[in-house]
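Student: Got a structure for you, structure23.pdb, holding PDB, C-alpha atoms.
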```pdb
ATOM      1  CA  MET A 525     -13.050   3.680  -5.039  1.00  0.00           C
ATOM      2  CA  PRO A 526     -11.859   2.085  -8.271  1.00  0.00           C
ATOM      3  CA  GLY A 527     -14.074  -0.767  -9.396  1.00  0.00           C
ATOM      4  CA  PRO A 528     -13.316  -4.009  -7.541  1.00  0.00           C
ATOM      5  CA  GLU A 529     -13.211  -6.211 -10.672  1.00  0.00           C
ATOM      6  CA  PRO A 530      -9.573  -5.662 -11.727  1.00  0.00           C
ATOM      7  CA  LEU A 531      -8.497  -5.560  -8.098  1.00  0.00           C
ATOM      8  CA  ALA A 532     -10.381  -8.724  -7.164  1.00  0.00           C
ATOM      9  CA  VAL A 533      -7.669 -10.916  -8.694  1.00  0.00           C
ATOM     10  CA  PHE A 534      -5.492  -9.814  -5.755  1.00  0.00           C
ATOM     11  CA  LEU A 535      -8.025  -8.932  -3.078  1.00  0.00           C
ATOM     12  CA  GLU A 536      -9.698 -12.324  -2.929  1.00  0.00           C
ATOM     13  CA  PRO A 537      -6.422 -14.253  -2.519  1.00  0.00           C
ATOM     14  CA  LEU A 538      -5.196 -11.710   0.064  1.00  0.00           C
ATOM     15  CA  GLU A 539      -8.341 -12.285   2.087  1.00  0.00           C
ATOM     16  CA  ARG A 540      -7.890 -16.075   1.829  1.00  0.00           C
ATOM     17  CA  LEU A 541      -4.225 -15.730   2.776  1.00  0.00           C
ATOM     18  CA  GLY A 542      -5.276 -14.587   6.236  1.00  0.00           C
ATOM     19  CA  LEU A 543      -2.164 -12.486   6.874  1.00  0.00           C
ATOM     20  CA  PRO A 544      -2.389  -8.844   7.977  1.00  0.00           C
ATOM     21  CA  TYR A 545      -2.415  -6.581   4.909  1.00  0.00           C
ATOM     22  CA  CYS A 546      -3.678  -3.195   3.817  1.00  0.00           C
ATOM     23  CA  ILE A 547      -4.159  -1.589   0.437  1.00  0.00           C
ATOM     24  CA  THR A 548      -2.215   1.633   0.000  1.00  0.00           C
ATOM     25  CA  GLY A 549      -0.964   3.794  -2.884  1.00  0.00           C
ATOM     26  CA  SER A 550      -3.303   5.217  -5.500  1.00  0.00           C
ATOM     27  CA  VAL A 551      -6.144   2.818  -4.672  1.00  0.00           C
ATOM     28  CA  ALA A 552      -6.168   3.981  -1.039  1.00  0.00           C
ATOM     29  CA  ALA A 553      -5.710   7.597  -2.156  1.00  0.00           C
ATOM     30  CA  SER A 554      -8.824   7.117  -4.299  1.00  0.00           C
ATOM     31  CA  VAL A 555     -10.755   5.889  -1.266  1.00  0.00           C
ATOM     32  CA  TRP A 556      -9.661   8.862   0.867  1.00  0.00           C
ATOM     33  CA  GLY A 557      -9.609  11.504  -1.895  1.00  0.00           C
ATOM     34  CA  GLU A 558     -10.246  11.731  -5.611  1.00  0.00           C
ATOM     35  CA  PRO A 559     -10.829   8.502  -7.551  1.00  0.00           C
ATOM     36  CA  ARG A 560      -8.354   7.976 -10.389  1.00  0.00           C
ATOM     37  CA  LEU A 561      -7.215   5.162 -12.616  1.00  0.00           C
ATOM     38  CA  THR A 562      -4.169   3.151 -11.693  1.00  0.00           C
ATOM     39  CA  ALA A 563      -2.068   0.508 -13.383  1.00  0.00           C
ATOM     40  CA  ASP A 564      -1.446  -1.565 -10.262  1.00  0.00           C
ATOM     41  CA  ILE A 565      -2.346  -2.129  -6.643  1.00  0.00           C
ATOM     42  CA  ASP A 566       0.015  -1.461  -3.712  1.00  0.00           C
ATOM     43  CA  VAL A 567      -0.198  -3.686  -0.654  1.00  0.00           C
ATOM     44  CA  VAL A 568       1.557  -3.649   2.714  1.00  0.00           C
ATOM     45  CA  LEU A 569       1.764  -7.278   3.851  1.00  0.00           C
ATOM     46  CA  LEU A 570       3.044  -8.800   7.067  1.00  0.00           C
ATOM     47  CA  LEU A 571       4.846 -11.738   5.488  1.00  0.00           C
ATOM     48  CA  LYS A 572       7.275 -13.922   7.409  1.00  0.00           C
ATOM     49  CA  LEU A 573       9.611 -16.670   6.241  1.00  0.00           C
ATOM     50  CA  GLN A 574       7.188 -19.379   7.337  1.00  0.00           C
ATOM     51  CA  ASP A 575       4.410 -17.771   5.227  1.00  0.00           C
ATOM     52  CA  VAL A 576       6.026 -18.261   1.801  1.00  0.00           C
ATOM     53  CA  ALA A 577       4.309 -21.608   1.146  1.00  0.00           C
ATOM     54  CA  THR A 578       0.948 -20.116   2.148  1.00  0.00           C
ATOM     55  CA  LEU A 579       1.558 -17.188  -0.228  1.00  0.00           C
ATOM     56  CA  ARG A 580       2.240 -19.626  -3.064  1.00  0.00           C
ATOM     57  CA  THR A 581      -0.999 -21.479  -2.275  1.00  0.00           C
ATOM     58  CA  ALA A 582      -3.044 -18.244  -2.316  1.00  0.00           C
ATOM     59  CA  PHE A 583      -1.366 -17.082  -5.549  1.00  0.00           C
ATOM     60  CA  PRO A 584      -0.788 -20.267  -7.592  1.00  0.00           C
ATOM     61  CA  GLU A 585       1.836 -20.034 -10.325  1.00  0.00           C
ATOM     62  CA  SER A 586      -0.707 -21.279 -12.863  1.00  0.00           C
ATOM     63  CA  ALA A 587      -2.515 -17.928 -12.489  1.00  0.00           C
ATOM     64  CA  TYR A 588       0.176 -15.563 -11.136  1.00  0.00           C
ATOM     65  CA  TYR A 589       3.803 -14.712 -11.545  1.00  0.00           C
ATOM     66  CA  VAL A 590       5.307 -15.131  -8.082  1.00  0.00           C
ATOM     67  CA  PRO A 591       9.030 -14.466  -7.587  1.00  0.00           C
ATOM     68  CA  PRO A 592      11.322 -17.407  -6.796  1.00  0.00           C
ATOM     69  CA  ASP A 593      11.617 -18.399  -3.134  1.00  0.00           C
ATOM     70  CA  GLU A 594      15.157 -16.965  -2.980  1.00  0.00           C
ATOM     71  CA  THR A 595      13.810 -13.538  -3.954  1.00  0.00           C
ATOM     72  CA  LEU A 596      10.911 -13.728  -1.507  1.00  0.00           C
ATOM     73  CA  LEU A 597      13.222 -14.772   1.327  1.00  0.00           C
ATOM     74  CA  ALA A 598      15.687 -11.982   0.530  1.00  0.00           C
ATOM     75  CA  GLU A 599      12.910  -9.357   0.493  1.00  0.00           C
ATOM     76  CA  ILE A 600      11.373 -10.661   3.722  1.00  0.00           C
ATOM     77  CA  GLY A 601      14.821 -10.548   5.338  1.00  0.00           C
ATOM     78  CA  ARG A 602      15.487  -6.870   4.543  1.00  0.00           C
ATOM     79  CA  ARG A 603      15.522  -4.467   7.486  1.00  0.00           C
ATOM     80  CA  SER A 604      13.579  -1.964   5.366  1.00  0.00           C
ATOM     81  CA  ARG A 605      12.055  -1.529   1.922  1.00  0.00           C
ATOM     82  CA  GLY A 606      11.474  -5.206   1.191  1.00  0.00           C
ATOM     83  CA  THR A 607       9.270  -5.422  -1.883  1.00  0.00           C
ATOM     84  CA  PHE A 608       8.262  -7.759  -4.682  1.00  0.00           C
ATOM     85  CA  ASN A 609       5.637  -8.000  -7.427  1.00  0.00           C
ATOM     86  CA  LEU A 610       2.850 -10.404  -8.176  1.00  0.00           C
ATOM     87  CA  ILE A 611       1.410 -10.409 -11.698  1.00  0.00           C
ATOM     88  CA  HIS A 612      -1.901 -11.923 -12.719  1.00  0.00           C
ATOM     89  CA  HIS A 613      -1.256 -13.773 -15.993  1.00  0.00           C
ATOM     90  CA  ALA A 614      -4.688 -13.331 -17.591  1.00  0.00           C
ATOM     91  CA  SER A 615      -5.123  -9.606 -16.910  1.00  0.00           C
ATOM     92  CA  HIS A 616      -1.459  -8.565 -16.618  1.00  0.00           C
ATOM     93  CA  PHE A 617      -2.533  -6.565 -13.560  1.00  0.00           C
ATOM     94  CA  LYS A 618       0.322  -6.109 -11.068  1.00  0.00           C
ATOM     95  CA  ALA A 619       0.495  -5.958  -7.280  1.00  0.00           C
ATOM     96  CA  ASP A 620       3.442  -4.224  -5.628  1.00  0.00           C
ATOM     97  CA  ILE A 621       3.867  -5.965  -2.279  1.00  0.00           C
ATOM     98  CA  TYR A 622       5.667  -4.019   0.443  1.00  0.00           C
ATOM     99  CA  VAL A 623       6.846  -6.353   3.181  1.00  0.00           C
ATOM    100  CA  ALA A 624       6.019  -4.862   6.576  1.00  0.00           C
ATOM    101  CA  GLY A 625       9.330  -6.077   8.054  1.00  0.00           C
ATOM    102  CA  HIS A 626      10.822  -3.689  10.606  1.00  0.00           C
ATOM    103  CA  ASP A 627       9.342  -0.474   9.222  1.00  0.00           C
ATOM    104  CA  PRO A 628       7.521   1.325  12.080  1.00  0.00           C
ATOM    105  CA  LEU A 629       5.209   3.149   9.677  1.00  0.00           C
ATOM    106  CA  HIS A 630       4.167  -0.130   8.016  1.00  0.00           C
ATOM    107  CA  ALA A 631       3.462  -1.555  11.500  1.00  0.00           C
ATOM    108  CA  TRP A 632       1.404   1.535  12.370  1.00  0.00           C
ATOM    109  CA  ALA A 633      -0.579   1.204   9.122  1.00  0.00           C
ATOM    110  CA  LEU A 634      -1.399  -2.446   9.795  1.00  0.00           C
ATOM    111  CA  GLU A 635      -2.409  -1.611  13.363  1.00  0.00           C
ATOM    112  CA  HIS A 636      -4.683   1.245  12.215  1.00  0.00           C
ATOM    113  CA  ARG A 637      -5.968  -0.164   8.917  1.00  0.00           C
ATOM    114  CA  ARG A 638      -9.654   0.220   8.167  1.00  0.00           C
ATOM    115  CA  ARG A 639     -12.114  -2.320   6.849  1.00  0.00           C
ATOM    116  CA  ILE A 640     -14.086  -1.327   3.755  1.00  0.00           C
ATOM    117  CA  ASP A 641     -17.142  -3.396   2.936  1.00  0.00           C
ATOM    118  CA  LEU A 642     -17.674  -4.410  -0.678  1.00  0.00           C
ATOM    119  CA  GLU A 643     -20.504  -6.336  -2.315  1.00  0.00           C
ATOM    120  CA  ASP A 644     -18.644  -9.650  -2.134  1.00  0.00           C
ATOM    121  CA  GLY A 645     -16.901  -9.126   1.216  1.00  0.00           C
ATOM    122  CA  GLY A 646     -14.438  -6.541   2.366  1.00  0.00           C
ATOM    123  CA  ILE A 647     -10.864  -5.345   2.192  1.00  0.00           C
ATOM    124  CA  TRP A 648      -8.384  -3.615   4.457  1.00  0.00           C
ATOM    125  CA  ILE A 649      -7.308  -0.077   3.507  1.00  0.00           C
ATOM    126  CA  ALA A 650      -4.342   1.814   4.943  1.00  0.00           C
ATOM    127  CA  PRO A 651      -5.299   4.843   7.054  1.00  0.00           C
ATOM    128  CA  PRO A 652      -5.181   8.186   5.245  1.00  0.00           C
ATOM    129  CA  GLU A 653      -2.262   9.452   7.353  1.00  0.00           C
ATOM    130  CA  TYR A 654      -0.111   6.522   6.208  1.00  0.00           C
ATOM    131  CA  VAL A 655      -1.039   7.082   2.560  1.00  0.00           C
ATOM    132  CA  ILE A 656      -0.204  10.780   2.848  1.00  0.00           C
ATOM    133  CA  LEU A 657       3.169  10.105   4.474  1.00  0.00           C
ATOM    134  CA  ARG A 658       4.182   7.538   1.867  1.00  0.00           C
ATOM    135  CA  LYS A 659       3.081   9.864  -0.941  1.00  0.00           C
ATOM    136  CA  LEU A 660       5.261  12.589   0.582  1.00  0.00           C
ATOM    137  CA  GLU A 661       8.212  10.174   0.540  1.00  0.00           C
ATOM    138  CA  PHE A 662       7.530   9.211  -3.080  1.00  0.00           C
ATOM    139  CA  LEU A 663       7.221  12.894  -3.945  1.00  0.00           C
ATOM    140  CA  ARG A 664      10.668  13.477  -2.419  1.00  0.00           C
ATOM    141  CA  GLU A 665      12.139  10.535  -4.325  1.00  0.00           C
ATOM    142  CA  GLY A 666      10.478  11.061  -7.707  1.00  0.00           C
ATOM    143  CA  GLY A 667       8.792  14.446  -7.773  1.00  0.00           C
ATOM    144  CA  SER A 668       5.609  13.303  -9.531  1.00  0.00           C
ATOM    145  CA  ASP A 669       2.757  15.802  -9.317  1.00  0.00           C
ATOM    146  CA  LYS A 670       0.254  12.946  -9.004  1.00  0.00           C
ATOM    147  CA  HIS A 671       1.364  12.610  -5.369  1.00  0.00           C
ATOM    148  CA  VAL A 672       0.745  16.314  -4.733  1.00  0.00           C
ATOM    149  CA  ARG A 673      -2.733  16.024  -6.230  1.00  0.00           C
ATOM    150  CA  ASP A 674      -3.521  12.873  -4.234  1.00  0.00           C
ATOM    151  CA  VAL A 675      -2.414  14.465  -0.949  1.00  0.00           C
ATOM    152  CA  ARG A 676      -4.362  17.654  -1.613  1.00  0.00           C
ATOM    153  CA  PHE A 677      -7.569  15.753  -2.357  1.00  0.00           C
ATOM    154  CA  MET A 678      -7.162  13.520   0.699  1.00  0.00           C
ATOM    155  CA  LEU A 679      -6.657  16.557   2.936  1.00  0.00           C
ATOM    156  CA  ALA A 680      -9.696  18.274   1.402  1.00  0.00           C
ATOM    157  CA  THR A 681     -12.066  15.324   1.790  1.00  0.00           C
ATOM    158  CA  THR A 682     -10.920  13.179   4.732  1.00  0.00           C
ATOM    159  CA  PRO A 683     -10.336  14.055   8.397  1.00  0.00           C
ATOM    160  CA  VAL A 684      -6.761  13.200   9.462  1.00  0.00           C
ATOM    161  CA  ASN A 685      -4.742  13.240  12.663  1.00  0.00           C
ATOM    162  CA  HIS A 686      -2.625  16.355  12.094  1.00  0.00           C
ATOM    163  CA  ALA A 687      -0.568  15.873  15.284  1.00  0.00           C
ATOM    164  CA  PHE A 688       0.478  12.393  14.139  1.00  0.00           C
ATOM    165  CA  LEU A 689       1.226  13.716  10.647  1.00  0.00           C
ATOM    166  CA  GLN A 690       3.426  16.531  11.992  1.00  0.00           C
ATOM    167  CA  THR A 691       5.444  14.122  14.152  1.00  0.00           C
ATOM    168  CA  GLU A 692       5.987  11.688  11.286  1.00  0.00           C
ATOM    169  CA  ILE A 693       6.707  14.440   8.733  1.00  0.00           C
ATOM    170  CA  ALA A 694       9.543  15.616  10.971  1.00  0.00           C
ATOM    171  CA  ARG A 695      10.805  12.047  11.567  1.00  0.00           C
ATOM    172  CA  LEU A 696      10.746  11.196   7.858  1.00  0.00           C
ATOM    173  CA  GLY A 697      12.216  14.540   6.737  1.00  0.00           C
ATOM    174  CA  VAL A 698       9.439  15.347   4.268  1.00  0.00           C
ATOM    175  CA  GLY A 699       8.599  18.855   5.474  1.00  0.00           C
ATOM    176  CA  GLU A 700       9.411  20.443   2.120  1.00  0.00           C
ATOM    177  CA  GLN A 701       7.060  18.045   0.339  1.00  0.00           C
ATOM    178  CA  TRP A 702       4.354  18.663   2.949  1.00  0.00           C
ATOM    179  CA  TYR A 703       4.676  22.403   2.372  1.00  0.00           C
ATOM    180  CA  ARG A 704       4.407  21.865  -1.387  1.00  0.00           C
ATOM    181  CA  CYS A 705       1.180  19.887  -0.942  1.00  0.00           C
ATOM    182  CA  ARG A 706      -0.275  22.522   1.382  1.00  0.00           C
ATOM    183  CA  GLU A 707       0.379  25.507  -0.945  1.00  0.00           C
TER     184      GLU A 707
END
```
Turn the structure described in the file into structure tokens.
Tutor:
Amino acid sequence: MPGPEPLAVFLEPLERLGLPYCITGSVAASVWGEPRLTADIDVVLLLKLQDVATLRTAFPESAYYVPPDETLLAEIGRRSRGTFNLIHHASHFKADIYVAGHDPLHAWALEHRRRIDLEDGGIWIAPPEYVILRKLEFLREGGSDKHVRDVRFMLATTPVNHAFLQTEIARLGVGEQWYRCRE
């Protein structure tokens, strides 16, 4: 796993926040596959309208860029693909926050997230199946080979639920990308 130091500026406040979250993206792919450097951290967060003030307390504007309330409320209110960024002023490290909202795969990830113990506590990581499925979607949308590499390493090093993957691959329409990663 990538060193916790640059990630700690987001992990510690997320833990204090007390809302269901899980780390996904390249950080999770590094946990389940091959470690690699990343420029940000991706987080699925179950954030509701009434949680905005708590979010602002956990990520104070003196230390973080936090979008205006109007933006947060609009992203929370989306039926799907609600997202916003947090930026740590001192390090310029960025967190892409994906609002769980009504996305069934986000809900599944939060329900099946896994706790990883670290020296100073622990964090929640998305299950490998979720990370693979999202990487297949990103591969379809952007075509980056980094997603292919991540999926291949996860499949080579981590046991996954292939029946669940097959069902979701069909539902999400990412069969072509799955085939490309399995070549």
Student: Any idea what's packed within 9 Å of Leu570 of chain A, counting only C-alpha atoms, ignoring anything in its chain fewer than 2 positions away? Could you give it as a ChimeraX atom specification?
Tutor: /A:543-545,568,572,622-625,630-631,634
Student: I'd like to know which of A:Ile640, A:Ala694, A:Ala598, A:Ala552 is closest to Lys659 of chain A, using all atoms listed in the file.
Tutor: A:Ala552
Student: Would you please work out which residue, of A:Pro537, A:Gly646, A:Gly549, A:Gly666, is nearest to His612 of chain A when using only C-alpha atoms?
Tutor: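 Selected residue with least distance to His612 of chain A: A:Pro537.
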Student: Let me know the residues the PyMOL selection byres ((chain A and resi 699-701) around 12) catches in the file above, as a CSV table (one decimal) with C-alpha atoms, keeping the file's coordinate frame.
Tutor:
```csv
chain,number,residue,atom,x,y,z
A,656,ILE,CA,-0.2,10.8,2.8
A,657,LEU,CA,3.2,10.1,4.5
A,658,ARG,CA,4.2,7.5,1.9
A,659,LYS,CA,3.1,9.9,-0.9
A,660,LEU,CA,5.3,12.6,0.6
A,661,GLU,CA,8.2,10.2,0.5
A,662,PHE,CA,7.5,9.2,-3.1
A,663,LEU,CA,7.2,12.9,-3.9
A,664,ARG,CA,10.7,13.5,-2.4
A,665,GLU,CA,12.1,10.5,-4.3
A,666,GLY,CA,10.5,11.1,-7.7
A,667,GLY,CA,8.8,14.4,-7.8
A,668,SER,CA,5.6,13.3,-9.5
A,669,ASP,CA,2.8,15.8,-9.3
A,671,HIS,CA,1.4,12.6,-5.4
A,672,VAL,CA,0.7,16.3,-4.7
A,673,ARG,CA,-2.7,16.0,-6.2
A,675,VAL,CA,-2.4,14.5,-0.9
A,676,ARG,CA,-4.4,17.7,-1.6
A,689,LEU,CA,1.2,13.7,10.6
A,690,GLN,CA,3.4,16.5,12.0
A,691,THR,CA,5.4,14.1,14.2
A,692,GLU,CA,6.0,11.7,11.3
A,693,ILE,CA,6.7,14.4,8.7
A,694,ALA,CA,9.5,15.6,11.0
A,695,ARG,CA,10.8,12.0,11.6
A,696,LEU,CA,10.7,11.2,7.9
A,697,GLY,CA,12.2,14.5,6.7
A,698,VAL,CA,9.4,15.3,4.3
A,702,TRP,CA,4.4,18.7,2.9
A,703,TYR,CA,4.7,22.4,2.4
A,704,ARG,CA,4.4,21.9,-1.4
A,705,CYS,CA,1.2,19.9,-0.9
A,706,ARG,CA,-0.3,22.5,1.4
A,707,GLU,CA,0.4,25.5,-0.9
```
Student: Take the PyMOL selection byres ((chain A and resi 602) around 12), apply it to the structure above, and return the hits as a list in words.
Tutor: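 Applied to this file, the PyMOL selection byres ((chain A and resi 602) around 12) selects Leu571, Lys572, Leu573, Thr595, Leu596, Leu597, Ala598, Glu599, Ile600, Gly601, Arg603, Ser604, Arg605, Gly606, Thr607, Phe608, Tyr622, Val623, Ala624, Gly625, His626 and Asp627 of chain A.
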Student: Between atom CA of Asp620 of chain A and atom CA of Glu643 of chain A, what distance in Å does the model show, to one decimal?
Tutor: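 Between atom CA of Asp620 of chain A and atom CA of Glu643 of chain A the gap works out to 24.3 Å.
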Student: Using Å and a single decimal, report how far atom CA of Val533 of chain A sits from atom CA of Phe617 of chain A.
Tutor: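 One can read the atom CA of Phe617 of chain A to atom CA of Val533 of chain A distance as 8.3 Å.
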Student: What is the distance between atom CA of Ile649 of chain A and atom CA of Val590 of chain A, in Å to one decimal?
Tutor: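 Straight-line distance from atom CA of Ile649 of chain A to atom CA of Val590 of chain A works out to 22.8 Å.
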Student: Please provide as a list in words all residues within 10 Å of Glu536 of chain A, with the sequence filter that same-chain residues fewer than 6 positions apart are discarded (counting all atoms listed in the file).
Tutor: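 Here the qualifying residues turn out to be Ala582, Phe583, Asp644, Gly645, Gly646 and Ile647 of chain A.
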Student: Taking C-alpha atoms for each residue, export the selection above as a PDB file, in the coordinates of the input.
Tutor:
```
ATOM      1  CA  ALA A 582      -3.044 -18.244  -2.316  1.00  0.00           C
ATOM      2  CA  PHE A 583      -1.366 -17.082  -5.549  1.00  0.00           C
ATOM      3  CA  ASP A 644     -18.644  -9.650  -2.134  1.00  0.00           C
ATOM      4  CA  GLY A 645     -16.901  -9.126   1.216  1.00  0.00           C
ATOM      5  CA  GLY A 646     -14.438  -6.541   2.366  1.00  0.00           C
ATOM      6  CA  ILE A 647     -10.864  -5.345   2.192  1.00  0.00           C
TER       7      ILE A 647
END
```
